[in-house]
Structures are given as C-alpha cells and as structure tokens.
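Quick notes on the structure that follows.
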Amino acid sequence: MVEIKWLYELLLLLYSFSLIGFMIDFIHTNRKAVRIAFWLLSMVWVIQTVFFFYHVFSEKAFPVATVIDGLYFYSWILIGLSLVIYRLYSIRSIVLFINGFAYILMLMYMTAHADTQFPGGTIQFAQEMLIAHITLALISYGLFTIGFFLSCMYYIQYGLLKKKKGYRWMSRFGDLQTLDKLSFKINRIGVPILLIAIILGIVWAYVSNWPFIWFDMKTIGSFVVLIMYIIFLFMRVIGYRGKGIALYNIISFLVLLINFFLSSTLSNFHY
C-alpha cells in the first residue's frame with residue numbers, strides 16, 4: 001500500500017513538472033524546457049501503463065466499469081496520444097492543452113480513490129495535497145521576489161541614467177537589458193508553478209471537506225495575483241519593455257505581498 005502511495009505521488013510530481021515545462025515553452029519558446037517536459041511526460045505515461053496493466057491482471061477486469069475508473073483510462077489515452085502528436089507533428093501547444101485537461105482528470109481519479117490509494121485514506125491524501133500546494137506556492141513567491149528586485153534595480157538605474165547621473169556602484173546592477181530579460185525569465189517560471197499550486201489548493205480544499213468558498217478573500221487574491229503576472233508575461237511577449245513593464249512587475253509583487261499578509265487574516269480557511 002505504501003509503495004503504491006509513493007508511486008502515485010511520484011506520478012503526480014512528474015506530471016506537475018512536465019506541465020510547468022510545457023507552459024514555460026508556451027509562454028516563450030524554450031526547447032530545453034519542452035524537451036525535459038516531454039521526457040517527464042513519457043515517464044508519467046510509463047507509470048500509468050504499469051498501474052493500468054497491474055489493475056487489469058490483478059482485478060481481472062478492464063478498468064472502465066465506473067465513471068471514476070474511466071477517468072484514469074481517459075487520461076492514459078490522452079497522454080499517450082499527446083506523446084504521439086508531439087513526436088510526429090511537434091505541435092507543442094496542443095500537447096499542453098491536452099495534458100492540462102488530462103492532469104485534471106488524474107486529480108479527480110486520485111481524489112475519488114484516496115481511501116484505497118493512501119494508507120491514511122482521504123485525510124492522508126489531503127495532507128499530501130496541502131504540502132504540495134504550500135511548497136509550490138512558496139517557490140513561486142520566491143521566484144516573484146527575485147523578479148521584483150530585478151525590476152527595482154532596473155527602475156532605479158533607468159531613472160538615474162535618464163537624469164544623467166552615473167554612479168560607480170551602478171555597474172554592480174548589470175545592464176538594463178540583462179535585468180529586463182532575467183526578470184521575464186524568472187516570472188515565466190513562477191507563473192506555471194503558481195497555477196499548479198492553486199489547482200492543488202482547490203483539490204485540497206474539496207478533499208479535506210473544508211468550507212471552501214470561491215469568494216474567500218485569499219482565494220480571490222490568489223487569482224488576482226496569478227492574473228496580474230499572466231498579464232505581465234503577455235505584455236512582455238508582445239513587445240513591452242523598459243520602465244513601464246518594470247513598474248508593473250513591482251506593483252504585481254506588492255499585490256502579492258498584500259494577498260500573502262493581509263488576505264490571510266480575512267480568509268475563512270487560510271491561517
């Protein structure tokens with residue numbers, strides 16, 4: 001039972017990082033990220049295949065008898081087809097969309113079977129989701145913090161250069177182009193991680209039977225932060241550069257801080 005639990009957790013972990021890689025490539029072409037994402041997804045499919053045939057031979061039944069069991073088979077088929085599409089046609093966008101949907105199906109399946117897959121049942125599964133949710137959220141916050149400081153450095157240096165005030169210590173900031181590119185790359189990684197964290201947080205709320213409320217201040221704040229950073233990436237991709245986009249990034253981080261410290265005190269289930 002414990003071994004199965006760890007395999008399911010490994011599957012979910014690999015799947016999450018695979019989606020993050022595909023999302024990074026979708027935001028701005030990154031062949032290294034998409035190559036890693038493909039091999040992670042291939043590992044997910046192999047693990048799913050092992051589980052699938054284990055169920056077939058141990059239960060002597062095809063796992064589609066119920067809607068819940070059908071979700072696993074459905075996601076397995078989608079992942080397999082997406083791998084074929086990627087290898088034959090290299091249409092990376094459709095692979096991302098297919099696997100985003102399959103990821104949700106897999107979460108629904110695992111949630112429904114938490115009592116049998118995890119030694120502690122639903123409670124144990126909820127705890128695992130909570131740990132994953134908090135860990136990924138904090139990782140994304142850490143990345144956004146670095147992006148914030150890079151934008152601050154850009155904003156300060158840009159202002160001084162405009163005023164024709166050159167200071168010897170300004171060379172330690174790096175050039176404006178490097179600061180701009182690095183803040184974009186950092187946020188490009190942070191946004192997919194935050195999105196996965198929010199999805200796992202919603203799963204945790206439902207599994208743990210907490211009085212989850214969509215209009216909770218913390219929930220709304222998290223979506224606002226996510227949307228603001230998505231807008232930042234969109235603006236950056238379509239060509240926005242310079243002082244304006246740096247200022248927007250700074251404001252986005254300040255909203256994140258407000259959500260992190262203030263919204264928690266107003267939330268019904270975040271502490």
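Letters A, B, ... mark the chains of the structure tokens in the order given; residue numbers begin at 1 per chain; ligand numbers begin at 1, in order shown.
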
Discussion item. Quick one: residues within 8 Å of stretch 186-200 of chain A, only C-alpha atoms, excluding same-chain residues fewer than 6 positions away - as a PyMOL selection string?
Written reply: chain A and resi 16+19-20+23-24+27+129-130+132-137+139-141+143-144+146-147+222+226+229-230+233

Practice prompt. For A:Ala37, please output as a list in words all residues within 8 Å (counting only C-alpha atoms; exclusion window: fewer than 4 positions along the same chain).
Written response: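 The filter keeps Phe17, Ser18, Leu19, Ile20, Gly21, Phe22, Ala33 and Leu41 of chain A.
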
With all heavy atoms retained, write the just-selected residues as a compact mmCIF listing (two decimals), in the first residue's frame.
# COMPACT_ATOMS: atom_id res chain seq x y z
N PHE A 17 5.61 18.84 -12.95
CA PHE A 17 6.79 19.47 -13.53
C PHE A 17 6.77 19.41 -15.06
O PHE A 17 7.29 20.31 -15.73
CB PHE A 17 8.06 18.83 -13.00
CG PHE A 17 8.43 19.30 -11.61
CD1 PHE A 17 8.36 18.45 -10.53
CD2 PHE A 17 8.81 20.61 -11.40
CE1 PHE A 17 8.68 18.89 -9.25
CE2 PHE A 17 9.14 21.07 -10.13
CZ PHE A 17 9.06 20.20 -9.05
N SER A 18 6.16 18.35 -15.61
CA SER A 18 6.02 18.28 -17.06
C SER A 18 5.13 19.41 -17.58
O SER A 18 5.48 20.09 -18.55
CB SER A 18 5.42 16.93 -17.46
OG SER A 18 5.14 16.88 -18.84
N LEU A 19 4.02 19.64 -16.90
CA LEU A 19 3.13 20.73 -17.30
C LEU A 19 3.81 22.08 -17.17
O LEU A 19 3.64 22.96 -18.02
CB LEU A 19 1.86 20.70 -16.44
CG LEU A 19 0.78 19.71 -16.85
CD1 LEU A 19 -0.40 19.80 -15.88
CD2 LEU A 19 0.30 19.95 -18.26
N ILE A 20 4.58 22.26 -16.11
CA ILE A 20 5.31 23.51 -15.93
C ILE A 20 6.27 23.74 -17.09
O ILE A 20 6.37 24.86 -17.63
CB ILE A 20 6.07 23.50 -14.59
CG1 ILE A 20 5.08 23.57 -13.42
CG2 ILE A 20 7.07 24.66 -14.50
CD1 ILE A 20 5.70 23.33 -12.06
N GLY A 21 6.95 22.68 -17.52
CA GLY A 21 7.87 22.80 -18.65
C GLY A 21 7.16 23.18 -19.93
O GLY A 21 7.62 24.05 -20.69
N PHE A 22 6.01 22.54 -20.21
CA PHE A 22 5.25 22.86 -21.41
C PHE A 22 4.71 24.29 -21.36
O PHE A 22 4.64 24.98 -22.39
CB PHE A 22 4.10 21.87 -21.60
CG PHE A 22 4.52 20.56 -22.21
CD1 PHE A 22 4.38 19.37 -21.52
CD2 PHE A 22 5.06 20.53 -23.49
CE1 PHE A 22 4.76 18.17 -22.08
CE2 PHE A 22 5.45 19.32 -24.06
CZ PHE A 22 5.31 18.14 -23.36
N ALA A 33 13.32 23.39 -22.09
CA ALA A 33 12.21 23.14 -21.17
C ALA A 33 11.23 22.14 -21.75
O ALA A 33 10.75 21.24 -21.05
CB ALA A 33 11.50 24.46 -20.85
N LEU A 41 6.84 13.65 -19.16
CA LEU A 41 5.51 13.16 -19.52
C LEU A 41 5.58 11.70 -19.98
O LEU A 41 4.67 10.91 -19.69
CB LEU A 41 4.92 14.03 -20.64
CG LEU A 41 3.47 13.74 -21.02
CD1 LEU A 41 2.54 14.00 -19.85
CD2 LEU A 41 3.06 14.61 -22.22

Discussion item. I want to know what sits within 9 Å of A:Phe232, based on only C-alpha atoms, with residues of the same chain fewer than 3 positions away left out; could you give that as a PyMOL selection string?
Written reply: chain A and resi 184+187+227-229+235-237+245+248-249+252

Next, the residues of the selection above should be written as a PDB file, in the first residue's frame with N, CA, C and O atoms.
ATOM      1  N   PHE A 184      11.964  38.658 -16.697  1.00  0.00           N
ATOM      2  CA  PHE A 184      10.983  37.943 -17.509  1.00  0.00           C
ATOM      3  C   PHE A 184      11.165  36.433 -17.381  1.00  0.00           C
ATOM      4  O   PHE A 184      10.182  35.686 -17.208  1.00  0.00           O
ATOM      5  N   ASN A 187       9.913  35.226 -13.891  1.00  0.00           N
ATOM      6  CA  ASN A 187       8.455  35.218 -13.795  1.00  0.00           C
ATOM      7  C   ASN A 187       7.829  34.170 -14.708  1.00  0.00           C
ATOM      8  O   ASN A 187       6.762  33.624 -14.394  1.00  0.00           O
ATOM      9  N   ILE A 227      -3.451  36.375 -12.295  1.00  0.00           N
ATOM     10  CA  ILE A 227      -3.864  37.113 -13.500  1.00  0.00           C
ATOM     11  C   ILE A 227      -2.923  38.277 -13.778  1.00  0.00           C
ATOM     12  O   ILE A 227      -2.553  38.534 -14.934  1.00  0.00           O
ATOM     13  N   MET A 228      -2.503  38.978 -12.727  1.00  0.00           N
ATOM     14  CA  MET A 228      -1.593  40.109 -12.912  1.00  0.00           C
ATOM     15  C   MET A 228      -0.263  39.654 -13.514  1.00  0.00           C
ATOM     16  O   MET A 228       0.284  40.305 -14.415  1.00  0.00           O
ATOM     17  N   TYR A 229       0.247  38.521 -13.040  1.00  0.00           N
ATOM     18  CA  TYR A 229       1.516  38.039 -13.577  1.00  0.00           C
ATOM     19  C   TYR A 229       1.352  37.465 -14.987  1.00  0.00           C
ATOM     20  O   TYR A 229       2.272  37.544 -15.809  1.00  0.00           O
ATOM     21  N   MET A 235       2.225  41.013 -21.797  1.00  0.00           N
ATOM     22  CA  MET A 235       2.757  42.304 -22.218  1.00  0.00           C
ATOM     23  C   MET A 235       4.205  42.171 -22.673  1.00  0.00           C
ATOM     24  O   MET A 235       4.617  42.771 -23.664  1.00  0.00           O
ATOM     25  N   ARG A 236       4.952  41.377 -21.946  1.00  0.00           N
ATOM     26  CA  ARG A 236       6.367  41.197 -22.277  1.00  0.00           C
ATOM     27  C   ARG A 236       6.536  40.470 -23.609  1.00  0.00           C
ATOM     28  O   ARG A 236       7.397  40.830 -24.425  1.00  0.00           O
ATOM     29  N   VAL A 237       5.691  39.455 -23.857  1.00  0.00           N
ATOM     30  CA  VAL A 237       5.785  38.673 -25.090  1.00  0.00           C
ATOM     31  C   VAL A 237       5.424  39.512 -26.313  1.00  0.00           C
ATOM     32  O   VAL A 237       6.051  39.374 -27.378  1.00  0.00           O
ATOM     33  N   ILE A 245       7.022  48.351 -17.903  1.00  0.00           N
ATOM     34  CA  ILE A 245       6.829  46.951 -17.566  1.00  0.00           C
ATOM     35  C   ILE A 245       7.516  46.613 -16.252  1.00  0.00           C
ATOM     36  O   ILE A 245       7.049  45.770 -15.482  1.00  0.00           O
ATOM     37  N   TYR A 248       5.183  47.816 -13.574  1.00  0.00           N
ATOM     38  CA  TYR A 248       4.051  46.897 -13.453  1.00  0.00           C
ATOM     39  C   TYR A 248       4.443  45.657 -12.651  1.00  0.00           C
ATOM     40  O   TYR A 248       3.670  45.159 -11.833  1.00  0.00           O
ATOM     41  N   ASN A 249       5.646  45.155 -12.881  1.00  0.00           N
ATOM     42  CA  ASN A 249       6.124  43.994 -12.144  1.00  0.00           C
ATOM     43  C   ASN A 249       6.262  44.305 -10.648  1.00  0.00           C
ATOM     44  O   ASN A 249       5.942  43.472  -9.798  1.00  0.00           O
ATOM     45  N   SER A 252       2.800  44.357  -9.178  1.00  0.00           N
ATOM     46  CA  SER A 252       2.287  42.988  -9.072  1.00  0.00           C
ATOM     47  C   SER A 252       2.816  42.317  -7.810  1.00  0.00           C
ATOM     48  O   SER A 252       2.071  41.625  -7.102  1.00  0.00           O
TER      49      SER A 252
END

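Here atom CA of A:Lys162 is placed at a distance of 21.6 Å from atom CA of A:Leu182.
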
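Atom CA of A:Asn30 is positioned 10.9 Å from atom CA of A:Arg92.
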
Worksheet item: What is the atom CA of A:Asn259-atom CA of A:Phe223 distance in Å, reported with one decimal?
Response: 10.0 Å

Residues of stretch 38-94 of chain A within 8 Å of stretch 103-113 of chain A: nearest atom pair and distance (Å, one decimal) for each, counting only C-alpha atoms, sorted by chain and number, as a tab-separated table?
residue	atom	partner	partner_atom	distance
A:Ile68	CA	A:Tyr109	CA	5.9
A:Asp69	CA	A:Tyr109	CA	7.1
A:Leu71	CA	A:Leu105	CA	5.8
A:Tyr72	CA	A:Met106	CA	6.1
A:Tyr74	CA	A:Leu105	CA	7.8
A:Ser75	CA	A:Leu105	CA	6.1

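Closest to A:Leu96 among A:Ser58, A:Ser82, A:Gln124, A:Thr66 is A:Ser82, based on only C-alpha atoms.
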